[in-house]
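Raw entry.cif, mmCIF, C-alpha atoms and all ligand atoms:
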```
data_start
#
loop_
_atom_site.label_atom_id
_atom_site.label_comp_id
_atom_site.auth_asym_id
_atom_site.auth_seq_id
_atom_site.Cartn_x
_atom_site.Cartn_y
_atom_site.Cartn_z
CA MET P 1 -14.62 -12.23 -7.29
CA ASN P 2 -16.58 -12.87 -4.12
CA TYR P 3 -18.33 -15.87 -5.57
CA ARG P 4 -15.06 -17.43 -6.54
CA VAL P 5 -13.61 -16.88 -3.12
CA ARG P 6 -16.67 -18.36 -1.42
CA GLU P 7 -16.69 -21.32 -3.75
CA ALA P 8 -13.00 -21.97 -3.19
CA ALA P 9 -13.47 -21.65 0.56
CA SER P 10 -16.27 -24.21 0.66
CA LEU P 11 -14.33 -26.60 -1.54
CA LEU P 12 -11.57 -26.40 0.97
CA ARG P 13 -13.67 -27.22 3.99
CA GLY P 14 -11.76 -30.08 5.57
CA ASP P 15 -14.89 -31.91 6.73
CA GLU P 16 -16.24 -32.24 3.22
CA ILE P 17 -13.29 -33.81 1.52
CA MET P 18 -11.17 -36.80 2.38
CA THR P 19 -7.49 -36.07 2.27
CA ASN P 20 -4.39 -38.06 2.92
CA GLN P 21 -2.24 -34.98 3.29
CA PRO P 22 -2.05 -32.01 5.63
CA THR P 23 -4.87 -29.60 4.82
CA PRO P 24 -4.84 -25.89 5.64
CA ARG P 25 -7.76 -24.07 7.30
CA PRO P 26 -10.70 -23.15 5.07
CA GLY P 27 -9.88 -20.14 2.95
CA VAL P 28 -6.11 -20.44 2.92
CA LEU P 29 -5.86 -22.10 -0.49
CA ALA P 30 -8.28 -19.50 -1.86
CA ILE P 31 -5.49 -16.95 -1.49
CA ASP P 32 -3.50 -16.08 -4.57
CA ALA P 33 -0.09 -15.41 -3.08
CA TYR P 34 1.00 -11.79 -3.52
CA VAL P 35 3.11 -11.51 -6.65
CA PRO P 36 5.51 -8.56 -6.46
CA GLY P 37 6.24 -6.57 -9.61
CA LYS P 38 9.10 -7.56 -11.90
CA SER P 39 12.47 -6.42 -10.68
CA ALA P 40 14.70 -7.34 -13.62
CA ALA P 41 14.84 -6.64 -17.34
CA PRO P 42 16.86 -9.49 -18.85
CA GLY P 43 19.01 -8.38 -21.77
CA ALA P 44 18.71 -4.63 -21.17
CA THR P 45 22.02 -2.86 -20.65
CA ARG P 46 20.66 -0.76 -17.79
CA ALA P 47 17.43 -1.10 -15.86
CA PHE P 48 15.19 1.21 -13.88
CA LYS P 49 12.85 -0.52 -11.44
CA LEU P 50 9.73 1.61 -11.44
CA SER P 51 7.39 -1.15 -10.32
CA ALA P 52 7.31 -1.07 -6.52
CA ASN P 53 6.80 2.59 -5.55
CA GLU P 54 10.27 2.74 -4.07
CA THR P 55 11.96 6.13 -3.74
CA PRO P 56 14.65 6.99 -6.31
CA LEU P 57 16.46 8.99 -3.60
CA GLY P 58 17.23 5.96 -1.45
CA PRO P 59 17.28 6.05 2.33
CA SER P 60 18.71 8.89 4.42
CA PRO P 61 22.50 8.48 4.70
CA GLN P 62 22.00 8.89 8.44
CA ALA P 63 19.62 5.92 8.48
CA ILE P 64 22.20 3.80 6.68
CA ALA P 65 24.90 4.83 9.16
CA ALA P 66 22.64 4.03 12.13
CA ALA P 67 21.78 0.61 10.68
CA ARG P 68 25.50 -0.12 10.12
CA ASP P 69 26.36 0.82 13.68
CA MET P 70 23.59 -1.36 15.04
CA LEU P 71 24.89 -4.38 13.10
CA GLU P 72 27.60 -4.60 15.76
CA GLU P 73 24.90 -5.38 18.33
CA SER P 74 23.48 -8.26 16.33
CA ALA P 75 24.17 -10.84 19.04
CA LEU P 76 21.59 -9.16 21.27
CA TYR P 77 17.82 -9.49 20.98
CA PRO P 78 16.11 -6.21 20.19
CA GLU P 79 13.99 -4.56 22.89
CA GLY P 80 10.73 -6.43 22.38
CA SER P 81 8.25 -3.57 22.17
CA SER P 82 10.39 -1.32 19.92
CA ARG P 83 10.12 1.29 22.69
CA LYS P 84 12.77 3.69 21.37
CA LEU P 85 11.29 3.66 17.89
CA ARG P 86 7.78 4.24 19.24
CA GLU P 87 9.08 7.10 21.37
CA ALA P 88 10.79 8.64 18.35
CA ILE P 89 7.61 8.34 16.28
CA GLY P 90 5.62 9.74 19.20
CA ALA P 91 7.95 12.74 19.52
CA HIS P 92 7.97 13.33 15.76
CA TYR P 93 4.19 13.30 15.31
CA ASN P 94 3.18 14.30 18.84
CA LEU P 95 1.54 10.93 19.60
CA ASP P 96 1.35 8.76 22.72
CA PRO P 97 3.96 5.97 22.21
CA ALA P 98 1.73 3.57 24.15
CA ARG P 99 -0.81 3.85 21.36
CA ILE P 100 1.73 3.00 18.65
CA ILE P 101 2.59 -0.52 17.51
CA ALA P 102 5.57 -1.27 15.28
CA GLY P 103 5.30 -3.88 12.56
CA ALA P 104 7.65 -5.60 10.14
CA GLY P 105 6.29 -3.34 7.44
CA SER P 106 2.81 -1.91 7.83
CA ASP P 107 1.75 -5.19 6.19
CA GLU P 108 2.37 -6.87 9.55
CA VAL P 109 0.11 -4.38 11.33
CA LEU P 110 -2.64 -5.09 8.77
CA GLU P 111 -2.14 -8.80 9.33
CA LEU P 112 -2.30 -8.45 13.14
CA LEU P 113 -5.54 -6.48 12.81
CA ALA P 114 -7.08 -9.22 10.70
CA LEU P 115 -5.85 -12.03 12.96
CA ALA P 116 -7.14 -10.29 16.07
CA TYR P 117 -10.53 -9.14 14.82
CA ILE P 118 -11.64 -11.36 11.95
CA GLY P 119 -13.00 -14.81 12.75
CA PRO P 120 -14.77 -17.40 10.59
CA GLN P 121 -17.79 -15.81 8.82
CA ASP P 122 -16.51 -12.33 9.62
CA GLU P 123 -15.92 -9.88 6.84
CA GLY P 124 -13.08 -7.61 5.80
CA LEU P 125 -14.33 -4.82 3.55
CA TYR P 126 -12.35 -2.77 1.06
CA SER P 127 -12.94 -0.98 -2.20
CA GLN P 128 -12.75 -2.36 -5.73
CA TYR P 129 -9.22 -1.29 -6.61
CA GLY P 130 -7.99 -1.26 -3.03
CA PHE P 131 -4.57 -2.58 -2.05
CA LEU P 132 -4.41 -6.37 -2.63
CA GLU P 133 -3.04 -7.08 0.83
CA TYR P 134 -6.49 -6.47 2.37
CA LYS P 135 -7.91 -9.50 0.62
CA ILE P 136 -4.91 -11.62 1.58
CA VAL P 137 -5.01 -10.77 5.30
CA THR P 138 -8.80 -11.22 5.45
CA LEU P 139 -8.56 -14.69 3.92
CA SER P 140 -5.50 -15.55 6.03
CA ALA P 141 -7.52 -14.86 9.15
CA GLY P 142 -10.30 -17.15 7.91
CA GLY P 143 -12.69 -14.34 7.03
CA ARG P 144 -14.59 -13.32 3.95
CA PRO P 145 -13.35 -10.50 1.70
CA VAL P 146 -16.08 -8.11 0.59
CA VAL P 147 -15.51 -5.59 -2.20
CA ALA P 148 -17.37 -2.30 -2.62
CA PRO P 149 -17.47 -0.79 -6.13
CA GLU P 150 -15.58 2.41 -6.88
CA LYS P 151 -16.67 5.40 -8.93
CA ASN P 152 -14.15 6.56 -11.52
CA TYR P 153 -11.33 4.66 -9.81
CA VAL P 154 -11.95 6.41 -6.49
CA ALA P 155 -13.25 4.75 -3.31
CA ASP P 156 -16.93 5.46 -2.75
CA VAL P 157 -17.95 6.00 0.86
CA ASP P 158 -21.63 5.28 0.20
CA ALA P 159 -20.80 2.02 -1.58
CA LEU P 160 -18.55 1.00 1.31
CA LEU P 161 -21.22 1.85 3.87
CA SER P 162 -23.86 -0.11 2.01
CA CYS P 163 -21.68 -3.25 2.36
CA VAL P 164 -21.34 -2.90 6.13
CA ASN P 165 -23.27 -5.33 8.34
CA SER P 166 -22.88 -6.93 11.77
CA LYS P 167 -20.16 -9.25 10.41
CA THR P 168 -17.98 -6.42 9.09
CA LYS P 169 -15.02 -6.30 11.44
CA LEU P 170 -12.52 -4.29 9.41
CA VAL P 171 -12.90 -1.66 6.71
CA PHE P 172 -9.58 -1.10 4.94
CA LEU P 173 -9.01 2.14 3.09
CA ALA P 174 -5.69 3.01 1.49
CA ASN P 175 -5.50 6.78 1.38
CA PRO P 176 -3.96 7.51 -1.06
CA ASN P 177 -4.76 4.21 -2.72
CA ASN P 178 -2.30 1.91 -4.44
CA PRO P 179 -2.46 1.24 -7.44
CA THR P 180 -4.78 4.08 -8.55
CA GLY P 181 -3.13 7.00 -6.71
CA SER P 182 -6.56 8.40 -5.85
CA TYR P 183 -7.51 9.70 -2.41
CA LEU P 184 -10.51 10.71 -0.35
CA PRO P 185 -10.55 14.18 1.20
CA GLU P 186 -10.86 14.70 4.95
CA LYS P 187 -14.59 15.35 4.67
CA GLU P 188 -15.25 11.94 3.14
CA ILE P 189 -13.01 10.11 5.61
CA ARG P 190 -14.87 11.81 8.45
CA ARG P 191 -18.20 10.83 6.96
CA LEU P 192 -17.05 7.21 6.73
CA ALA P 193 -15.70 7.14 10.30
CA ALA P 194 -18.84 8.74 11.68
CA SER P 195 -21.17 6.33 9.87
CA LEU P 196 -19.52 3.02 10.79
CA PRO P 197 -20.93 0.91 13.62
CA LYS P 198 -18.85 1.08 16.80
CA GLN P 199 -17.81 -2.57 16.54
CA THR P 200 -16.32 -2.08 13.06
CA ILE P 201 -12.72 -0.90 12.84
CA LEU P 202 -11.77 1.59 10.13
CA VAL P 203 -8.17 1.05 9.01
CA LEU P 204 -6.69 4.13 7.35
CA ASP P 205 -3.65 2.90 5.45
CA ALA P 206 -1.59 6.02 4.89
CA ALA P 207 1.50 4.41 3.33
CA TYR P 208 1.96 7.38 0.96
CA ALA P 209 0.82 10.18 3.31
CA GLU P 210 4.12 12.09 3.18
CA TYR P 211 3.81 12.57 -0.58
CA VAL P 212 0.40 14.21 -0.52
CA THR P 213 0.39 17.98 -0.91
CA THR P 214 -3.33 18.71 -1.33
CA ALA P 215 -4.83 20.78 1.48
CA ASP P 216 -7.95 18.66 1.99
CA TYR P 217 -5.96 15.49 2.80
CA ILE P 218 -5.34 14.11 6.27
CA ALA P 219 -3.48 10.93 7.12
CA GLY P 220 -5.81 10.21 10.01
CA VAL P 221 -4.26 11.12 13.38
CA THR P 222 -7.06 13.47 14.40
CA ILE P 223 -9.69 10.95 13.37
CA VAL P 224 -8.01 8.16 15.35
CA ASP P 225 -8.11 10.45 18.37
CA GLU P 226 -11.83 11.09 18.01
CA TYR P 227 -12.99 7.48 17.73
CA GLU P 228 -12.55 4.20 19.57
CA ASN P 229 -12.61 2.24 16.32
CA VAL P 230 -10.17 3.92 13.92
CA VAL P 231 -6.56 2.87 13.31
CA MET P 232 -3.97 4.51 11.06
CA THR P 233 -1.06 2.58 9.53
CA ARG P 234 2.18 4.09 8.25
CA THR P 235 5.37 2.78 6.73
CA PHE P 236 9.08 3.45 6.38
CA SER P 237 9.06 1.55 3.06
CA LYS P 238 7.95 4.30 0.75
CA ILE P 239 9.19 7.88 1.15
CA TYR P 240 11.77 6.90 3.78
CA GLY P 241 13.31 4.35 1.43
CA LEU P 242 13.65 1.53 3.98
CA ALA P 243 11.49 -1.11 2.26
CA GLY P 244 14.22 -3.72 2.53
CA LEU P 245 14.40 -3.40 6.32
CA ARG P 246 10.65 -4.00 6.78
CA LEU P 247 9.40 -1.30 9.11
CA GLY P 248 5.96 0.18 9.61
CA TRP P 249 3.66 1.17 12.42
CA GLY P 250 0.08 1.63 13.50
CA TYR P 251 -1.56 4.25 15.71
CA GLY P 252 -4.88 3.56 17.35
CA PRO P 253 -7.01 3.55 20.48
CA ARG P 254 -5.33 1.97 23.47
CA SER P 255 -7.66 -1.03 23.55
CA ILE P 256 -6.90 -1.98 19.95
CA ILE P 257 -3.13 -1.50 20.30
CA ASP P 258 -3.20 -3.59 23.51
CA THR P 259 -5.08 -6.32 21.63
CA LEU P 260 -2.59 -6.35 18.77
CA ASN P 261 0.33 -6.53 21.19
CA ARG P 262 -1.05 -9.81 22.57
CA ILE P 263 -0.61 -11.56 19.23
CA ARG P 264 2.38 -9.61 17.94
CA PRO P 265 5.39 -11.91 17.61
CA PRO P 266 7.96 -10.93 20.24
CA PHE P 267 10.98 -9.14 18.73
CA ASN P 268 9.10 -8.54 15.45
CA ILE P 269 11.29 -5.52 14.65
CA SER P 270 15.04 -5.98 14.26
CA SER P 271 17.29 -3.62 16.20
CA ILE P 272 18.77 -2.60 12.84
CA ALA P 273 15.42 -1.58 11.38
CA SER P 274 14.52 0.34 14.55
CA ALA P 275 17.79 2.26 14.53
CA ALA P 276 17.40 3.11 10.85
CA GLY P 277 13.81 4.26 11.40
CA ILE P 278 14.76 6.55 14.27
CA ALA P 279 17.56 8.13 12.23
CA ALA P 280 15.34 8.45 9.17
CA LEU P 281 12.72 10.37 11.15
CA ALA P 282 15.38 12.77 12.37
CA ASP P 283 16.61 13.54 8.85
CA THR P 284 13.87 15.95 7.88
CA GLU P 285 16.08 17.43 5.16
CA HIS P 286 16.18 14.12 3.30
CA LEU P 287 12.43 13.78 3.67
CA GLN P 288 11.90 17.25 2.22
CA LYS P 289 14.14 16.40 -0.74
CA ALA P 290 11.98 13.36 -1.47
CA ILE P 291 8.79 15.42 -1.23
CA ASP P 292 10.21 18.12 -3.51
CA HIS P 293 11.39 15.55 -6.03
CA ASN P 294 7.92 14.05 -6.22
CA THR P 295 6.17 17.40 -6.34
CA GLN P 296 8.28 18.26 -9.38
CA TRP P 297 8.09 14.97 -11.29
CA LEU P 298 4.59 13.64 -10.55
CA PRO P 299 2.85 16.42 -12.53
CA TRP P 300 5.56 16.35 -15.20
CA LEU P 301 5.09 12.62 -15.85
CA THR P 302 1.31 12.96 -15.69
CA ASN P 303 1.27 15.76 -18.26
CA GLU P 304 3.89 14.32 -20.60
CA ILE P 305 2.21 10.92 -20.73
CA ALA P 306 -1.27 12.39 -21.10
CA ALA P 307 0.08 14.45 -24.03
CA LEU P 308 0.85 11.16 -25.80
CA GLY P 309 -2.86 10.41 -25.79
CA LEU P 310 -2.78 8.00 -22.86
CA GLU P 311 -5.17 8.32 -19.95
CA VAL P 312 -3.40 8.89 -16.64
CA LEU P 313 -5.39 8.59 -13.42
CA PRO P 314 -4.90 11.69 -11.27
CA SER P 315 -2.50 10.72 -8.46
CA VAL P 316 -1.39 12.35 -5.23
CA ALA P 317 1.19 9.66 -4.43
CA ASN P 318 4.57 8.71 -5.99
CA PHE P 319 3.15 6.66 -8.85
CA ILE P 320 0.61 6.89 -11.65
CA ALA P 321 -1.69 4.38 -13.28
CA ILE P 322 -1.55 4.69 -17.07
CA ARG P 323 -4.36 3.33 -19.23
CA PHE P 324 -3.55 1.85 -22.63
CA PRO P 325 -5.96 1.37 -25.55
CA SER P 326 -7.31 -2.10 -26.27
CA THR P 327 -6.23 -1.68 -29.92
CA PRO P 328 -3.70 -4.36 -30.92
CA GLY P 329 -0.24 -2.80 -31.03
CA LEU P 330 -1.09 -0.34 -28.27
CA THR P 331 -2.15 -2.54 -25.35
CA ALA P 332 -0.78 -2.51 -21.82
CA VAL P 333 0.67 -6.00 -22.30
CA GLU P 334 2.56 -4.87 -25.41
CA ALA P 335 3.68 -1.64 -23.73
CA ASP P 336 4.98 -3.68 -20.79
CA GLN P 337 7.04 -5.88 -23.12
CA PHE P 338 8.32 -2.89 -25.09
CA LEU P 339 9.37 -0.97 -21.98
CA THR P 340 10.93 -3.98 -20.28
CA LYS P 341 13.16 -4.56 -23.31
CA LYS P 342 14.44 -1.04 -22.80
CA GLY P 343 15.11 -1.72 -19.12
CA LEU P 344 12.07 0.22 -17.93
CA ILE P 345 10.25 -1.97 -15.45
CA LEU P 346 6.67 -0.92 -14.73
CA ARG P 347 3.97 -2.79 -12.83
CA ALA P 348 1.20 -4.70 -14.59
CA ILE P 349 -1.89 -4.45 -12.38
CA THR P 350 -4.10 -7.12 -13.88
CA ALA P 351 -4.34 -8.73 -10.44
CA TYR P 352 -6.22 -5.60 -9.35
CA GLY P 353 -8.73 -6.00 -12.17
CA LEU P 354 -6.96 -3.31 -14.20
CA PRO P 355 -5.55 -5.22 -17.21
CA ASP P 356 -5.47 -2.10 -19.42
CA PHE P 357 -3.19 -0.25 -17.02
CA LEU P 358 0.47 -0.14 -16.08
CA ARG P 359 1.56 1.50 -12.85
CA LEU P 360 4.62 3.71 -13.05
CA THR P 361 6.60 4.81 -10.00
CA VAL P 362 8.08 8.31 -10.13
CA GLY P 363 11.78 7.68 -10.68
CA GLY P 364 14.88 9.79 -10.87
CA GLN P 365 15.28 12.33 -13.68
CA GLU P 366 17.02 9.95 -16.09
CA ALA P 367 14.41 7.23 -15.62
CA ASN P 368 11.52 9.67 -16.01
CA TYR P 369 12.88 11.04 -19.27
CA ALA P 370 13.57 7.52 -20.52
CA VAL P 371 9.99 6.41 -19.79
CA VAL P 372 8.42 9.33 -21.63
CA THR P 373 10.75 8.88 -24.62
CA ALA P 374 10.05 5.15 -24.75
CA LEU P 375 6.28 5.63 -24.46
CA LYS P 376 6.36 8.17 -27.30
CA GLU P 377 8.18 5.62 -29.46
CA PHE P 378 5.75 2.88 -28.43
CA MET P 379 2.70 4.95 -29.35
CA GLN P 380 4.15 5.92 -32.74
CA LYS P 381 5.14 2.36 -33.53
CA GLY P 382 1.70 1.09 -32.46
CA LYS P 383 -0.19 3.66 -34.52
CA ASN P 384 1.97 3.00 -37.60
CA SER P 385 1.17 -0.70 -37.44
CA PHE P 386 -2.34 -0.20 -38.82
C1 LIG P 401 3.50 -0.39 0.06
C2 LIG P 401 2.17 -0.33 0.76
C3 LIG P 401 2.02 -0.72 2.09
C4 LIG P 401 3.03 -1.22 3.01
O1 LIG P 401 4.11 -1.75 2.81
P1 LIG P 401 5.09 -2.23 3.95
O2 LIG P 401 6.36 -2.32 3.22
O3 LIG P 401 4.58 -3.53 4.47
O4 LIG P 401 5.08 -1.18 5.02
C5 LIG P 401 0.78 -0.61 2.68
N1 LIG P 401 -0.26 -0.14 2.00
C6 LIG P 401 -0.15 0.25 0.74
C7 LIG P 401 -1.35 0.79 0.07
C8 LIG P 401 1.06 0.15 0.07
O5 LIG P 401 1.14 0.51 -1.22
#
```

Please go through the file and, once you have read it, give me the structure as structure tokens.
Ligand SMILES: *Cc1c(COP(=O)(O)O)cnc(C)c1O
Amino acid sequence: MNYRVREAASLLRGDEIMTNQPTPRPGVLAIDAYVPGKSAAPGATRAFKLSANETPLGPSPQAIAAARDMLEESALYPEGSSRKLREAIGAHYNLDPARIIAGAGSDEVLELLALAYIGPQDEGLYSQYGFLEYKIVTLSAGGRPVVAPEKNYVADVDALLSCVNSKTKLVFLANPNNPTGSYLPEKEIRRLAASLPKQTILVLDAAYAEYVTTADYIAGVTIVDEYENVVMTRTFSKIYGLAGLRLGWGYGPRSIIDTLNRIRPPFNISSIASAAGIAALADTEHLQKAIDHNTQWLPWLTNEIAALGLEVLPSVANFIAIRFPSTPGLTAVEADQFLTKKGLILRAITAYGLPDFLRLTVGGQEANYAVVTALKEFMQKGKNSF
């Protein structure tokens, strides 16, 4: 993958080729634009979108009400630094609001980090099946993406560390990771943070932190507080159900947050998103419902699907990666087609180098039952075909 990226980047170097049209910076055309999962199942009478790790519970009703109220204020610019939102996050998690930055989704915080810290020749490092956005933001900033191999679909701290050099500006780690659902325990995160050079920033992307119930997991607050080079990112898109409003945040050392604020677009967060985020944080009952729902259905789906003879990667988030056989009749591509016809929309993750897998988001009860029933039918049909 690296070779291809490097090759594409050099092909694109403006000084080597004559063009009679506007030409982007080196690296930009090497980016494969992010392709979101399918969101429709043409022909199906009803559809369940289980392809984007969205919550089946929807947002807190209080968040919706707050967003509606704020619509009335739409003529006014939002407060530029999202102060009230940062104060609400600070109060909720006991953090200094001055060390919080709000982003239009945590994707924007990742992008600001790359823009601020990665220059030409610099490297952004992430693990083999890490979230695709890390590659995109590294290339967008003009840097070089570097990929460390995983072991058994889990990030490998030693492999990451062996890729670190003086050009490594950012190390991205989704914990838990999308699309595998795997995570690294606190001990491993600490080992990674302690072993990185001081000029390299560790980005702990904790988009699914609220879902994790294992005792040896930490989202990263305490680690951020112990180092001058660790940042944690969070989002309102996943368990809080506000993906459509685009709202996320980062927490880091003052110097890094100050740096990001210099390049942050003014008014990057709408007043509506801010209001919804503040109300969502306050609705702890809704949050608990979402956690309980996942705690019930994640193991149920994992066990039911494994019982069909399919490999399911152990997940601590609100989705699972399911591996299909390469036998014709039983492949992931065929399963995807079969399920889509029934209105069950899963996520193909070939772009992550996982062509044998489909990623399934934990849905509501009806969707979960429908997926298991459909997969059972698919496996029987596939096995009967030879
Ligand atoms: C969904 C996701 C995000 C962030 O999404 P935003 O909507 O931009 O906040 C970040 N990291 C991972 C690993 C994700 O899966």

Could you make a table, as a tab-separated table, of the residues of chain P that have an atom within 9 Å of an atom of ligand LIG 401 (chain P), each with its nearest atom pair and distance in Å to one decimal, counting all atoms listed in the file, in chain and number order?
```
residue	atom	partner	partner_atom	distance
P:Ala52	CA	P:LIG401	C1	7.6
P:Asn53	CA	P:LIG401	C1	7.2
P:Glu54	CA	P:LIG401	C1	8.5
P:Gly103	CA	P:LIG401	O4	8.0
P:Ala104	CA	P:LIG401	O3	6.8
P:Gly105	CA	P:LIG401	O3	3.4
P:Ser106	CA	P:LIG401	O4	3.7
P:Asp107	CA	P:LIG401	O3	3.7
P:Glu108	CA	P:LIG401	O3	6.5
P:Val109	CA	P:LIG401	O3	8.2
P:Leu110	CA	P:LIG401	C5	8.3
P:Gly130	CA	P:LIG401	C7	7.6
P:Phe131	CA	P:LIG401	C7	5.1
P:Leu132	CA	P:LIG401	C7	8.2
P:Glu133	CA	P:LIG401	N1	7.6
P:Tyr134	CA	P:LIG401	N1	8.9
P:Leu173	CA	P:LIG401	C7	8.3
P:Ala174	CA	P:LIG401	C7	5.1
P:Asn175	CA	P:LIG401	C7	7.4
P:Pro176	CA	P:LIG401	C7	7.3
P:Asn177	CA	P:LIG401	C7	5.6
P:Asn178	CA	P:LIG401	C7	4.7
P:Pro179	CA	P:LIG401	O5	7.2
P:Asp205	CA	P:LIG401	N1	5.7
P:Ala206	CA	P:LIG401	N1	6.9
P:Ala207	CA	P:LIG401	N1	5.1
P:Tyr208	CA	P:LIG401	O5	7.3
P:Thr233	CA	P:LIG401	C5	7.8
P:Arg234	CA	P:LIG401	O4	6.8
P:Thr235	CA	P:LIG401	O4	4.3
P:Phe236	CA	P:LIG401	O4	6.3
P:Ser237	CA	P:LIG401	O2	4.7
P:Lys238	CA	P:LIG401	C1	6.5
P:Leu242	CA	P:LIG401	O2	8.3
P:Ala243	CA	P:LIG401	O2	5.4
P:Gly244	CA	P:LIG401	O2	8.0
P:Leu245	CA	P:LIG401	O2	8.7
P:Arg246	CA	P:LIG401	O2	5.8
P:Leu247	CA	P:LIG401	O4	6.0
P:Gly248	CA	P:LIG401	O4	4.9
P:Trp249	CA	P:LIG401	O4	7.9
```

Give me the residues near P:Asn368 as a ChimeraX atom specification, where near means some atom within 10 Å (using only C-alpha atoms) and where sequence neighbours in that chain fewer than 2 positions away do not count.
/P:48,50,297-298,300-301,344,360-366,370-374

Could you name the residues that touch P:Ala33 at 12 Å or less, counting all atoms listed in the file, but leaving out those on the same chain fewer than 5 positions away, as a PyMOL selection string?
chain P and resi 28+132-133+135-137+139-140+351

With distances taken over all atoms listed in the file, which of P:Ile263, P:Ala282, P:Leu161, P:Ala102 is nearest to P:Ala66?
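Among the listed residues, the smallest separation from P:Ala66 belongs to P:Ala282.
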
Distance atom CA of P:Glu228-atom CA of P:Tyr211, one decimal place?
27.3 Å

Two-atom distance - atom CA of P:Asn229, atom CA of P:Arg264 (Å)
19.2 Å

Expressed in Å to a single decimal, how great is the separation between atom CA of P:Leu29 and atom CA of P:Asp356?
27.5 Å

When distances are computed from all atoms listed in the file, which of P:Glu72, P:Pro59, P:Gly382, P:Arg359 shows the smallest separation from P:Gly37?
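Looking at the shortest contact to P:Gly37, the residue is P:Arg359.
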
For P:Ala307, which residue out of P:Glu334, P:Pro328, P:Ser81, P:Met379 is the nearest one, using all atoms listed in the file?
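Distance minimum relative to P:Ala307 lands on P:Met379.
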
Given all atoms listed in the file as the counted atoms, nearest of P:Ala276, P:Thr302, P:Lys341, P:Ile189 to P:Met70:
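Once distances to P:Met70 are computed over all atoms listed in the file, the minimum belongs to P:Ala276.
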
Could you check the closest approach to P:Glu87 for each of P:Tyr240, P:Ile100, P:Thr350, P:Val333 and tell me which residue wins, using all atoms listed in the file?
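Once distances to P:Glu87 are computed over all atoms listed in the file, the minimum belongs to P:Ile100.
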
All residues 8 Å or closer to P:Val312, all atoms listed in the file, same chain fewer than 2 positions away omitted, as a list in words:
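Final neighbour list, sorted by chain and number: Thr302, Ile305, Ala306, Leu310, Pro314, Ile320, Ala321, Ile322 and Arg323 of chain P.
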
Option closest in space to P:Val171, from P:Val154, P:Tyr129, P:Val224, P:Ala114 [counting all atoms listed in the file]:
P:Ala114
